[in-house]
Structures are given as C-alpha cells and as structure tokens.
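Enquirer: File work-v2.csv follows (CSV, C-alpha atoms and all ligand atoms):
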chain,number,residue,atom,x,y,z
A,1262,MET,CA,24.3,24.4,-10.8
A,1263,ASP,CA,25.5,24.3,-7.2
A,1264,LYS,CA,24.3,20.9,-6.1
A,1265,LEU,CA,24.3,21.9,-2.4
A,1266,THR,CA,21.6,24.6,-2.8
A,1267,PRO,CA,18.5,23.1,-4.2
A,1268,ASN,CA,16.6,25.6,-6.4
A,1269,ILE,CA,13.3,23.8,-5.8
A,1270,PRO,CA,12.1,24.8,-2.3
A,1271,LEU,CA,10.3,22.2,-0.2
A,1272,ASP,CA,7.2,23.2,1.7
A,1273,LEU,CA,7.8,21.2,4.9
A,1274,GLU,CA,5.4,23.1,7.2
A,1275,PRO,CA,3.2,20.5,8.9
A,1276,GLU,CA,-0.5,20.8,8.1
A,1277,GLU,CA,-2.9,21.7,10.9
A,1278,THR,CA,-4.6,18.4,12.0
A,1279,ASP,CA,-7.4,17.6,14.3
A,1280,PRO,CA,-5.7,15.4,16.9
A,1281,ILE,CA,-8.8,13.2,17.4
A,1282,SER,CA,-9.7,12.4,13.8
A,1283,SER,CA,-6.0,12.0,12.8
A,1284,ASN,CA,-5.7,9.4,15.6
A,1285,THR,CA,-8.5,7.3,14.2
A,1286,SER,CA,-8.2,7.5,10.5
A,1287,ILE,CA,-7.3,4.6,8.2
A,1288,GLU,CA,-6.6,7.1,5.4
A,1289,THR,CA,-3.0,7.4,4.2
A,1290,PRO,CA,-1.7,10.7,5.6
A,1291,LEU,CA,-1.6,13.0,2.6
A,1292,ARG,CA,-1.2,16.7,2.4
A,1293,PRO,CA,-4.3,18.6,1.3
A,1294,ASP,CA,-2.3,19.8,-1.7
A,1295,ALA,CA,-1.0,16.3,-2.5
A,1296,PHE,CA,-2.1,16.6,-6.2
A,1297,ALA,CA,-1.3,20.2,-6.8
A,1298,LEU,CA,1.7,19.1,-8.9
A,1299,SER,CA,1.3,17.1,-12.0
A,1300,ASP,CA,3.0,13.7,-12.2
A,1301,ALA,CA,5.6,15.2,-14.6
A,1302,GLU,CA,6.4,18.0,-12.1
A,1303,LYS,CA,6.7,15.4,-9.3
A,1304,ILE,CA,9.1,13.3,-11.4
A,1305,GLU,CA,11.2,16.4,-12.0
A,1306,ARG,CA,11.4,17.3,-8.3
A,1307,ILE,CA,12.1,13.8,-7.1
A,1308,THR,CA,14.8,13.5,-9.8
A,1309,PHE,CA,16.4,16.6,-8.4
A,1310,TYR,CA,16.3,15.5,-4.8
A,1311,PHE,CA,17.3,11.9,-5.4
A,1312,ARG,CA,20.3,13.2,-7.3
A,1313,GLU,CA,21.2,15.3,-4.2
A,1314,ILE,CA,21.0,12.1,-2.0
A,1315,MET,CA,23.3,10.2,-4.3
A,1316,HIS,CA,25.7,13.1,-4.6
A,1317,THR,CA,25.7,13.5,-0.8
A,1318,LEU,CA,26.5,9.8,-0.5
A,1319,GLY,CA,29.6,10.5,-2.6
A,1320,LEU,CA,28.4,8.7,-5.7
A,1321,ASP,CA,29.8,9.9,-9.0
A,1322,LEU,CA,26.8,11.0,-11.1
A,1323,THR,CA,28.9,11.3,-14.2
A,1324,ASP,CA,29.3,7.5,-14.2
A,1325,ASP,CA,27.1,6.2,-17.1
A,1326,SER,CA,25.5,3.5,-14.9
A,1327,LEU,CA,24.5,6.0,-12.2
A,1328,GLN,CA,23.6,9.2,-14.1
A,1329,GLY,CA,20.1,8.0,-15.1
A,1330,THR,CA,19.3,6.6,-11.6
A,1331,PRO,CA,17.7,9.8,-10.1
A,1332,HIS,CA,15.2,10.0,-13.0
A,1333,ARG,CA,14.6,6.2,-13.0
A,1334,VAL,CA,13.8,6.3,-9.3
A,1335,ALA,CA,11.5,9.3,-9.7
A,1336,LYS,CA,9.6,7.6,-12.6
A,1337,MET,CA,9.4,4.4,-10.6
A,1338,TYR,CA,8.0,6.2,-7.5
A,1339,VAL,CA,5.4,8.2,-9.3
A,1340,ASN,CA,4.3,5.9,-12.1
A,1341,GLU,CA,4.8,2.5,-10.6
A,1342,VAL,CA,5.4,1.7,-6.9
A,1343,PHE,CA,3.5,4.7,-5.4
A,1344,ARG,CA,0.8,5.1,-8.1
A,1345,GLY,CA,-1.8,4.0,-5.6
A,1346,LEU,CA,-1.5,7.4,-3.8
A,1347,ASN,CA,-3.4,9.0,-6.6
A,1348,PRO,CA,-7.2,8.3,-6.4
A,1349,GLU,CA,-7.3,8.7,-10.2
A,1350,ASN,CA,-5.6,5.3,-10.3
A,1351,LYS,CA,-8.2,3.6,-8.2
A,1352,PRO,CA,-9.6,0.6,-10.2
A,1353,GLN,CA,-13.2,0.9,-11.3
A,1354,ALA,CA,-14.9,-2.3,-10.1
A,1355,LYS,CA,-17.9,-3.1,-12.3
A,1356,LEU,CA,-20.7,-4.7,-10.3
A,1357,PHE,CA,-23.0,-7.4,-11.5
A,1358,GLU,CA,-26.3,-8.2,-10.1
A,1359,ASN,CA,-26.3,-11.4,-8.0
A,1360,ARG,CA,-29.0,-13.0,-10.2
A,1361,TYR,CA,-28.0,-16.5,-9.1
A,1362,ALA,CA,-28.4,-15.5,-5.5
A,1363,TYR,CA,-25.0,-16.9,-4.6
A,1364,ASN,CA,-24.9,-16.6,-0.8
A,1365,GLN,CA,-21.8,-18.6,0.2
A,1366,MET,CA,-18.3,-17.2,0.6
A,1367,LEU,CA,-16.1,-16.3,-2.4
A,1368,VAL,CA,-12.4,-16.5,-1.6
A,1369,GLU,CA,-9.7,-14.9,-3.8
A,1370,ARG,CA,-6.5,-16.2,-2.4
A,1371,ASP,CA,-2.8,-15.8,-2.9
A,1372,ILE,CA,-3.0,-12.3,-4.4
A,1373,THR,CA,0.6,-11.1,-4.7
A,1374,ILE,CA,1.5,-7.9,-2.8
A,1375,TYR,CA,4.4,-5.7,-3.5
A,1376,SER,CA,4.2,-2.7,-1.2
A,1377,TYR,CA,6.7,-0.3,0.5
A,1378,CYS,CA,7.3,0.1,4.2
A,1379,GLU,CA,6.5,3.8,5.0
A,1380,HIS,CA,9.2,3.9,7.7
A,1381,HIS,CA,12.1,2.8,5.6
A,1382,PHE,CA,10.9,2.9,2.0
A,1383,VAL,CA,12.0,-0.7,1.4
A,1384,PRO,CA,9.7,-3.5,0.0
A,1385,ILE,CA,7.0,-5.4,1.8
A,1386,ILE,CA,6.4,-8.6,-0.2
A,1387,GLY,CA,3.5,-10.9,0.6
A,1388,LYS,CA,0.1,-12.5,-0.2
A,1389,ALA,CA,-3.3,-11.2,0.5
A,1390,HIS,CA,-6.4,-13.5,0.8
A,1391,VAL,CA,-9.7,-11.7,0.5
A,1392,ALA,CA,-13.3,-13.0,0.8
A,1393,TYR,CA,-16.8,-11.8,0.8
A,1394,ILE,CA,-20.3,-13.2,1.2
A,1395,PRO,CA,-22.4,-11.4,-1.4
A,1396,GLU,CA,-25.8,-9.8,-0.9
A,1397,ASN,CA,-27.2,-8.1,-4.0
A,1398,ASN,CA,-24.0,-7.7,-6.0
A,1399,VAL,CA,-21.0,-9.6,-7.2
A,1400,VAL,CA,-17.9,-8.3,-8.8
A,1401,GLY,CA,-15.4,-9.5,-11.4
A,1402,LEU,CA,-12.7,-11.6,-9.8
A,1403,SER,CA,-9.8,-9.6,-11.2
A,1404,LYS,CA,-11.2,-6.4,-9.5
A,1405,LEU,CA,-10.4,-8.0,-6.1
A,1406,ASN,CA,-6.8,-8.4,-7.1
A,1407,ARG,CA,-6.8,-4.8,-8.5
A,1408,ILE,CA,-8.2,-3.3,-5.3
A,1409,VAL,CA,-5.5,-5.1,-3.3
A,1410,GLN,CA,-2.7,-3.9,-5.6
A,1411,TYR,CA,-4.0,-0.3,-5.7
A,1412,PHE,CA,-3.7,0.1,-1.9
A,1413,ALA,CA,-0.4,-1.8,-1.9
A,1414,LYS,CA,1.1,0.7,-4.2
A,1415,ARG,CA,1.7,3.3,-1.5
A,1416,PRO,CA,4.1,3.7,1.4
A,1417,GLN,CA,2.3,1.5,3.9
A,1418,VAL,CA,2.1,-0.2,7.3
A,1419,GLN,CA,0.6,-3.6,7.0
A,1420,GLU,CA,-2.2,-2.9,9.5
A,1421,ARG,CA,-3.5,0.1,7.5
A,1422,LEU,CA,-3.1,-1.7,4.2
A,1423,THR,CA,-5.3,-4.5,5.5
A,1424,MET,CA,-8.0,-2.1,6.7
A,1425,GLN,CA,-8.0,0.0,3.6
A,1426,ILE,CA,-8.6,-3.0,1.4
A,1427,ALA,CA,-11.4,-4.2,3.7
A,1428,ASP,CA,-13.0,-0.8,3.7
A,1429,GLU,CA,-12.9,-0.5,-0.1
A,1430,LEU,CA,-14.4,-4.0,-0.5
A,1431,LYS,CA,-17.3,-3.1,1.8
A,1432,ASN,CA,-18.0,0.0,-0.2
A,1433,VAL,CA,-17.7,-1.6,-3.6
A,1434,LEU,CA,-19.6,-4.7,-2.9
A,1435,HIS,CA,-22.3,-3.1,-0.7
A,1436,THR,CA,-21.9,-5.6,2.0
A,1437,GLN,CA,-20.3,-5.8,5.4
A,1438,ASN,CA,-19.4,-9.5,4.9
A,1439,VAL,CA,-15.7,-9.1,4.1
A,1440,ALA,CA,-12.5,-10.8,5.2
A,1441,VAL,CA,-8.9,-9.7,4.5
A,1442,TYR,CA,-5.8,-11.7,5.6
A,1443,ILE,CA,-2.3,-10.6,4.7
A,1444,GLU,CA,0.9,-12.4,5.3
A,1445,ALA,CA,4.0,-10.5,4.3
A,1446,ASP,CA,7.8,-10.3,4.6
A,1447,HIS,CA,9.2,-6.8,5.5
A,1448,LEU,CA,12.6,-6.2,4.1
A,1449,CYS,CA,13.2,-3.6,6.8
A,1450,VAL,CA,13.0,-6.5,9.3
A,1451,MET,CA,14.8,-9.0,7.1
A,1452,SER,CA,17.6,-7.2,5.4
A,1453,ARG,CA,18.6,-4.5,8.0
A,1454,GLY,CA,18.0,-3.5,11.6
A,1455,VAL,CA,17.1,-6.7,13.4
A,1456,ASN,CA,18.1,-8.8,10.3
A,1457,ASP,CA,15.6,-11.6,11.0
A,1458,VAL,CA,15.0,-13.4,7.7
A,1459,GLY,CA,12.8,-16.0,9.4
A,1460,SER,CA,9.9,-13.9,10.7
A,1461,SER,CA,6.8,-12.8,8.8
A,1462,THR,CA,3.8,-10.6,9.6
A,1463,ILE,CA,0.1,-11.6,9.6
A,1464,THR,CA,-2.7,-9.0,9.8
A,1465,THR,CA,-6.5,-9.6,9.4
A,1466,GLU,CA,-9.7,-7.8,9.2
A,1467,PHE,CA,-13.1,-9.6,9.6
A,1468,THR,CA,-16.3,-7.8,9.4
A,1469,GLY,CA,-20.0,-8.6,9.1
A,1470,LEU,CA,-20.6,-12.4,9.1
A,1471,PHE,CA,-16.9,-13.0,9.2
A,1472,GLN,CA,-16.9,-11.9,12.9
A,1473,GLU,CA,-18.8,-15.2,13.5
A,1474,ASP,CA,-16.5,-18.1,14.3
A,1475,LYS,CA,-18.1,-20.4,11.8
A,1476,TYR,CA,-17.4,-18.2,8.8
A,1477,ARG,CA,-14.0,-17.1,10.0
A,1478,GLN,CA,-12.9,-20.7,10.4
A,1479,GLU,CA,-14.2,-21.7,7.0
A,1480,PHE,CA,-12.3,-18.8,5.4
A,1481,LEU,CA,-9.1,-19.7,7.4
A,1482,GLN,CA,-9.5,-23.3,6.3
A,1483,TYR,CA,-9.6,-22.3,2.6
A,1484,ILE,CA,-6.4,-20.3,2.8
A,1485,ARG,CA,-4.5,-22.8,4.8
A,1486,LYS,CA,-1.7,-24.4,2.7
A,1501,LIG,N1,3.3,-1.8,13.1
A,1501,LIG,C1,4.1,-1.9,12.0
A,1501,LIG,N2,5.4,-1.6,12.1
A,1501,LIG,C2,6.2,-1.7,11.0
A,1501,LIG,C3,5.7,-2.1,9.8
A,1501,LIG,N3,6.7,-2.1,8.9
A,1501,LIG,C4,7.8,-1.7,9.6
A,1501,LIG,N4,7.5,-1.5,10.9
A,1501,LIG,C5,8.4,-1.1,12.0
A,1501,LIG,O1,8.5,0.2,12.1
A,1501,LIG,C6,9.4,0.4,13.2
A,1501,LIG,C7,10.1,1.8,13.0
A,1501,LIG,O2,10.8,1.9,14.2
A,1501,LIG,P1,12.0,2.9,14.5
A,1501,LIG,O3,12.6,2.5,15.8
A,1501,LIG,O4,11.6,4.3,14.3
A,1501,LIG,O5,13.0,2.5,13.3
A,1501,LIG,P2,14.5,1.9,13.4
A,1501,LIG,O6,15.4,2.6,14.3
A,1501,LIG,O7,14.9,1.7,11.9
A,1501,LIG,O8,14.1,0.5,14.0
A,1501,LIG,P3,14.7,-1.0,13.6
A,1501,LIG,O9,13.9,-1.5,12.4
A,1501,LIG,O10,14.3,-1.8,14.9
A,1501,LIG,O11,16.1,-0.9,13.4
A,1501,LIG,C8,10.3,-0.8,13.2
A,1501,LIG,O12,10.1,-1.5,14.4
A,1501,LIG,C9,9.8,-1.6,12.0
A,1501,LIG,O13,9.9,-3.0,12.2
A,1501,LIG,C10,4.3,-2.3,9.7
A,1501,LIG,O14,3.8,-2.6,8.6
A,1501,LIG,N5,3.6,-2.2,10.8
A,1502,ZN,ZN,10.3,-0.6,7.5
Have the structure of the file written as structure tokens, please.

Expert:
Amino acid sequence: MDKLTPNIPLDLEPEETDPISSNTSIETPLRPDAFALSDAEKIERITFYFREIMHTLGLDLTDDSLQGTPHRVAKMYVNEVFRGLNPENKPQAKLFENRYAYNQMLVERDITIYSYCEHHFVPIIGKAHVAYIPENNVVGLSKLNRIVQYFAKRPQVQERLTMQIADELKNVLHTQNVAVYIEADHLCVMSRGVNDVGSSTITTEFTGLFQEDKYRQEFLQYIRK
C-alpha cells in the first residue's frame, strides 16, 4: 500500500454550530456522529493514521520495537486514556438514602488524575479533591473517584474538567452543595514550550452552600497539606 495516500478518508468538515450555545457549553466538543464507528473501527483507523505520523517522521516501521506502536497507541487512546469520551463508560453511581441524616460535609481528597491536554495531547497529572453536603442521598465513596476519573479520561482543559465533575456530582447526588478543587501539572508547560517544571495549576468550582465563606474555608482547611 502507498503510505502517502491514506485509503481511509477523513471527514473533516466542521459541523454547523450555534455560536451562542457553543460559547457557553461545558460539554466536551464532540461531533454528532462521534459514536458512529465501533471501538474496533476507531482502533483500526487510528492505527492507520498513527503509522502515517511515524512514517512521516522518518521512523522505520519494520523495526521490531516500532512496528506494533501504531496499534498500541490506538488501543491506548480508545480503550484507556480517552475512554471517558464514550457515555457508555460513565460510572453508574448507586445512591443510598441518607437515613442517618448526615448533614455535614464529606470530603474525598487526593483523587489521582491522569488526563490529557487537548491542545498538545500530552499528560495532565494531578489530584482532585471533591466534597458535598448531602440532602436526601449519599453515594458510595468509590463512585466519587470513578466520576473524577471518567471525566479525566478525555482530552481536556483543566477548567472544563473541573466543571464537568461538579456538574455530574450535582446531578448524581441531587444537591447543589458541591465543591471541586483540582491541582495539576501540565506536561505541555513542564516538558516543552515554556519548560517550567516548577509551576502547577489550580482550578475550583464551588456551588450551593460552598459559595458561603464558612463552608468553603472548612473544605479548604481539610485539603490543606
Ligand atoms: N486554559 C488552559 N490552557 C491550557 C491548558 N492546558 C494547556 N493550556 C495552554 O494552551 C495553550 C495553547 O496555546 P498555543 O499558543 O496555541 O500553543 P503553543 O504554541 O504550543 O504554546 P506554548 O505552550 O506557549 O508553547 C498554551 O498556553 C498551554 O499552556 C488548560 O488546562 N487550560
Ligand atoms: Zn497542552
């Protein structure tokens, strides 16, 4: 096969978007036909195009260490690091009735985040701290970690990741009393470009009671090292 003429055409036409709603959405920008291809078809396509990238860079794809890389990268993108793009992978968070009427804050801190910068496709590595003050429902603790990890497994910007997590927690827990705090290192800042290994990025979302100074300060105190 001639490596310079891909036989899998790419549909790169931009979709029609409403400029107002597209300016205010916290949704990850996805094409309407984002799930028209199966995961296996996506892996096949990405394998093809990643091989093209490596070939263009001048790498010898007959080398036994390199020849499996296009398929490895494709599998990693679809099945692992970007699996959070597919709503079918969203964790089901089983709710429990708040029979004990717990009405203080619950903080799940130091949730590990591995995400990918959507501008450079290199890792974002950090910690998320999330909290809520329950009303009628509580949720299993691990579901908080799973929700964070689901939204992290997408190409992201940290601001949107923070807001998507907060939005999902509000929906799942049926309360507005939600706090999300993310501190992360962006390898696109550390390992290239400005090459600053010393800086990190903090983003927050405080809603419901967490907009009040008292609750916000209590939360910040719990996550302080
Ligand atoms: N707001 C925001 N910006 C991010 C995030 N991750 C990476 N970026 C920035 O995205 C920007 C992309 O800017 P460009 O100027 O198009 O990219 P670039 O030429 O590679 O820029 P440099 O990184 O400065 O070399 C960079 O400033 C990144 O630091 C994020 O989570 N949030
Ligand atoms: Zn980046």

Enquirer: Please, which residues have at least one atom within 10 Å of an atom of ligand LIG 1501 (chain A), using all atoms listed in the file, listed as a PyMOL selection string?

Expert: chain A and resi 1376-1385+1416-1423+1445-1456+1462-1464

Enquirer: Give me the residues within 12 Å of stretch 1428-1432 of chain A as a compact mmCIF listing (two decimals) with C-alpha atoms, in the frame of the given file, counting all atoms listed in the file and dropping any in the same chain fewer than 2 places off.

Expert:
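result30.txt written:
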# COMPACT_ATOMS: atom_id res chain seq x y z
CA SER A 1286 -8.20 7.50 10.50
CA ILE A 1287 -7.30 4.60 8.20
CA GLU A 1288 -6.60 7.10 5.40
CA LYS A 1351 -8.20 3.60 -8.20
CA PRO A 1352 -9.60 0.60 -10.20
CA GLN A 1353 -13.20 0.90 -11.30
CA ALA A 1354 -14.90 -2.30 -10.10
CA LEU A 1356 -20.70 -4.70 -10.30
CA VAL A 1391 -9.70 -11.70 0.50
CA ALA A 1392 -13.30 -13.00 0.80
CA TYR A 1393 -16.80 -11.80 0.80
CA ILE A 1394 -20.30 -13.20 1.20
CA PRO A 1395 -22.40 -11.40 -1.40
CA GLU A 1396 -25.80 -9.80 -0.90
CA ASN A 1398 -24.00 -7.70 -6.00
CA VAL A 1399 -21.00 -9.60 -7.20
CA VAL A 1400 -17.90 -8.30 -8.80
CA LYS A 1404 -11.20 -6.40 -9.50
CA LEU A 1405 -10.40 -8.00 -6.10
CA ASN A 1406 -6.80 -8.40 -7.10
CA ARG A 1407 -6.80 -4.80 -8.50
CA ILE A 1408 -8.20 -3.30 -5.30
CA VAL A 1409 -5.50 -5.10 -3.30
CA TYR A 1411 -4.00 -0.30 -5.70
CA PHE A 1412 -3.70 0.10 -1.90
CA ARG A 1421 -3.50 0.10 7.50
CA LEU A 1422 -3.10 -1.70 4.20
CA THR A 1423 -5.30 -4.50 5.50
CA MET A 1424 -8.00 -2.10 6.70
CA GLN A 1425 -8.00 0.00 3.60
CA ILE A 1426 -8.60 -3.00 1.40
CA LEU A 1434 -19.60 -4.70 -2.90
CA HIS A 1435 -22.30 -3.10 -0.70
CA THR A 1436 -21.90 -5.60 2.00
CA GLN A 1437 -20.30 -5.80 5.40
CA ASN A 1438 -19.40 -9.50 4.90
CA VAL A 1439 -15.70 -9.10 4.10
CA ALA A 1440 -12.50 -10.80 5.20
CA VAL A 1441 -8.90 -9.70 4.50
CA GLU A 1466 -9.70 -7.80 9.20
CA PHE A 1467 -13.10 -9.60 9.60
CA THR A 1468 -16.30 -7.80 9.40
CA GLY A 1469 -20.00 -8.60 9.10

Enquirer: Which is closest to ligand ZN 1502 (chain A) among A:Ala1297, A:Ile1374, A:Ile1386, A:Met1337, if we use only C-alpha atoms and all ligand atoms?

Expert: A:Ile1386

Enquirer: What does the distance from atom CA of A:Asn1397 to atom CA of A:Ile1372 come to in Å, to one decimal?

Expert: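 Value for the atom CA of A:Asn1397-atom CA of A:Ile1372 distance: 24.6 Å.
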
Enquirer: As a compact mmCIF listing (two decimals) with C-alpha atoms, in the frame of the given file, please: the residues near A:Glu1341 (cut-off 12 Å, all atoms listed in the file, same-chain neighbours under 2 positions excluded).

Expert:
# COMPACT_ATOMS: atom_id res chain seq x y z
CA ASP A 1300 3.00 13.70 -12.20
CA ILE A 1304 9.10 13.30 -11.40
CA ARG A 1333 14.60 6.20 -13.00
CA VAL A 1334 13.80 6.30 -9.30
CA ALA A 1335 11.50 9.30 -9.70
CA LYS A 1336 9.60 7.60 -12.60
CA MET A 1337 9.40 4.40 -10.60
CA TYR A 1338 8.00 6.20 -7.50
CA VAL A 1339 5.40 8.20 -9.30
CA PHE A 1343 3.50 4.70 -5.40
CA ARG A 1344 0.80 5.10 -8.10
CA GLY A 1345 -1.80 4.00 -5.60
CA LEU A 1346 -1.50 7.40 -3.80
CA ASN A 1347 -3.40 9.00 -6.60
CA ASN A 1350 -5.60 5.30 -10.30
CA TYR A 1375 4.40 -5.70 -3.50
CA SER A 1376 4.20 -2.70 -1.20
CA TYR A 1377 6.70 -0.30 0.50
CA GLN A 1410 -2.70 -3.90 -5.60
CA TYR A 1411 -4.00 -0.30 -5.70
CA ALA A 1413 -0.40 -1.80 -1.90
CA LYS A 1414 1.10 0.70 -4.20
CA ARG A 1415 1.70 3.30 -1.50

Enquirer: Please output stretch 1305-1329 of chain A, rebuilt to include N, CA and C atoms, as a PDB file, in the coordinates of the input.

Expert:
ATOM      1  N   GLU A1305      10.085  15.492 -11.917  1.00  0.00           N
ATOM      2  CA  GLU A1305      11.200  16.400 -12.000  1.00  0.00           C
ATOM      3  C   GLU A1305      11.782  16.755 -10.639  1.00  0.00           C
ATOM      4  N   ARG A1306      10.904  16.986  -9.665  1.00  0.00           N
ATOM      5  CA  ARG A1306      11.400  17.300  -8.300  1.00  0.00           C
ATOM      6  C   ARG A1306      12.111  16.148  -7.659  1.00  0.00           C
ATOM      7  N   ILE A1307      11.490  14.965  -7.763  1.00  0.00           N
ATOM      8  CA  ILE A1307      12.100  13.800  -7.100  1.00  0.00           C
ATOM      9  C   ILE A1307      13.449  13.501  -7.749  1.00  0.00           C
ATOM     10  N   THR A1308      13.539  13.656  -9.065  1.00  0.00           N
ATOM     11  CA  THR A1308      14.800  13.500  -9.800  1.00  0.00           C
ATOM     12  C   THR A1308      15.873  14.373  -9.142  1.00  0.00           C
ATOM     13  N   PHE A1309      15.498  15.644  -8.961  1.00  0.00           N
ATOM     14  CA  PHE A1309      16.400  16.600  -8.400  1.00  0.00           C
ATOM     15  C   PHE A1309      16.901  16.176  -7.007  1.00  0.00           C
ATOM     16  N   TYR A1310      15.946  15.837  -6.151  1.00  0.00           N
ATOM     17  CA  TYR A1310      16.300  15.500  -4.800  1.00  0.00           C
ATOM     18  C   TYR A1310      17.008  14.169  -4.646  1.00  0.00           C
ATOM     19  N   PHE A1311      16.649  13.226  -5.503  1.00  0.00           N
ATOM     20  CA  PHE A1311      17.300  11.900  -5.400  1.00  0.00           C
ATOM     21  C   PHE A1311      18.776  12.070  -5.890  1.00  0.00           C
ATOM     22  N   ARG A1312      18.972  12.968  -6.872  1.00  0.00           N
ATOM     23  CA  ARG A1312      20.300  13.200  -7.300  1.00  0.00           C
ATOM     24  C   ARG A1312      21.153  13.809  -6.128  1.00  0.00           C
ATOM     25  N   GLU A1313      20.500  14.689  -5.352  1.00  0.00           N
ATOM     26  CA  GLU A1313      21.200  15.300  -4.200  1.00  0.00           C
ATOM     27  C   GLU A1313      21.562  14.162  -3.179  1.00  0.00           C
ATOM     28  N   ILE A1314      20.666  13.205  -2.964  1.00  0.00           N
ATOM     29  CA  ILE A1314      21.000  12.100  -2.000  1.00  0.00           C
ATOM     30  C   ILE A1314      22.175  11.325  -2.516  1.00  0.00           C
ATOM     31  N   MET A1315      22.166  10.981  -3.791  1.00  0.00           N
ATOM     32  CA  MET A1315      23.300  10.200  -4.300  1.00  0.00           C
ATOM     33  C   MET A1315      24.588  10.984  -4.268  1.00  0.00           C
ATOM     34  N   HIS A1316      24.486  12.267  -4.602  1.00  0.00           N
ATOM     35  CA  HIS A1316      25.700  13.100  -4.600  1.00  0.00           C
ATOM     36  C   HIS A1316      26.215  13.224  -3.133  1.00  0.00           C
ATOM     37  N   THR A1317      25.295  13.364  -2.170  1.00  0.00           N
ATOM     38  CA  THR A1317      25.700  13.500  -0.800  1.00  0.00           C
ATOM     39  C   THR A1317      26.374  12.177  -0.288  1.00  0.00           C
ATOM     40  N   LEU A1318      25.900  11.051  -0.813  1.00  0.00           N
ATOM     41  CA  LEU A1318      26.500   9.800  -0.500  1.00  0.00           C
ATOM     42  C   LEU A1318      27.904   9.610  -1.074  1.00  0.00           C
ATOM     43  N   GLY A1319      28.240  10.526  -1.968  1.00  0.00           N
ATOM     44  CA  GLY A1319      29.600  10.500  -2.600  1.00  0.00           C
ATOM     45  C   GLY A1319      29.615   9.789  -3.904  1.00  0.00           C
ATOM     46  N   LEU A1320      28.454   9.454  -4.454  1.00  0.00           N
ATOM     47  CA  LEU A1320      28.400   8.700  -5.700  1.00  0.00           C
ATOM     48  C   LEU A1320      28.744   9.673  -6.886  1.00  0.00           C
ATOM     49  N   ASP A1321      29.443   9.140  -7.869  1.00  0.00           N
ATOM     50  CA  ASP A1321      29.800   9.900  -9.000  1.00  0.00           C
ATOM     51  C   ASP A1321      28.733   9.877 -10.087  1.00  0.00           C
ATOM     52  N   LEU A1322      28.006  10.973 -10.186  1.00  0.00           N
ATOM     53  CA  LEU A1322      26.800  11.000 -11.100  1.00  0.00           C
ATOM     54  C   LEU A1322      27.198  11.187 -12.541  1.00  0.00           C
ATOM     55  N   THR A1323      28.497  11.284 -12.829  1.00  0.00           N
ATOM     56  CA  THR A1323      28.900  11.300 -14.200  1.00  0.00           C
ATOM     57  C   THR A1323      29.088   9.859 -14.746  1.00  0.00           C
ATOM     58  N   ASP A1324      29.126   8.899 -13.827  1.00  0.00           N
ATOM     59  CA  ASP A1324      29.300   7.500 -14.200  1.00  0.00           C
ATOM     60  C   ASP A1324      28.027   7.098 -15.066  1.00  0.00           C
ATOM     61  N   ASP A1325      28.265   6.413 -16.180  1.00  0.00           N
ATOM     62  CA  ASP A1325      27.100   6.200 -17.100  1.00  0.00           C
ATOM     63  C   ASP A1325      26.077   5.235 -16.498  1.00  0.00           C
ATOM     64  N   SER A1326      26.463   4.419 -15.513  1.00  0.00           N
ATOM     65  CA  SER A1326      25.500   3.500 -14.900  1.00  0.00           C
ATOM     66  C   SER A1326      24.630   4.292 -13.849  1.00  0.00           C
ATOM     67  N   LEU A1327      25.205   5.324 -13.246  1.00  0.00           N
ATOM     68  CA  LEU A1327      24.500   6.000 -12.200  1.00  0.00           C
ATOM     69  C   LEU A1327      23.739   7.272 -12.657  1.00  0.00           C
ATOM     70  N   GLN A1328      24.137   7.828 -13.809  1.00  0.00           N
ATOM     71  CA  GLN A1328      23.600   9.200 -14.100  1.00  0.00           C
ATOM     72  C   GLN A1328      22.091   9.153 -14.395  1.00  0.00           C
ATOM     73  N   GLY A1329      21.573   8.029 -14.839  1.00  0.00           N
ATOM     74  CA  GLY A1329      20.100   8.000 -15.100  1.00  0.00           C
ATOM     75  C   GLY A1329      19.310   7.565 -13.855  1.00  0.00           C
TER      76      GLY A1329
END
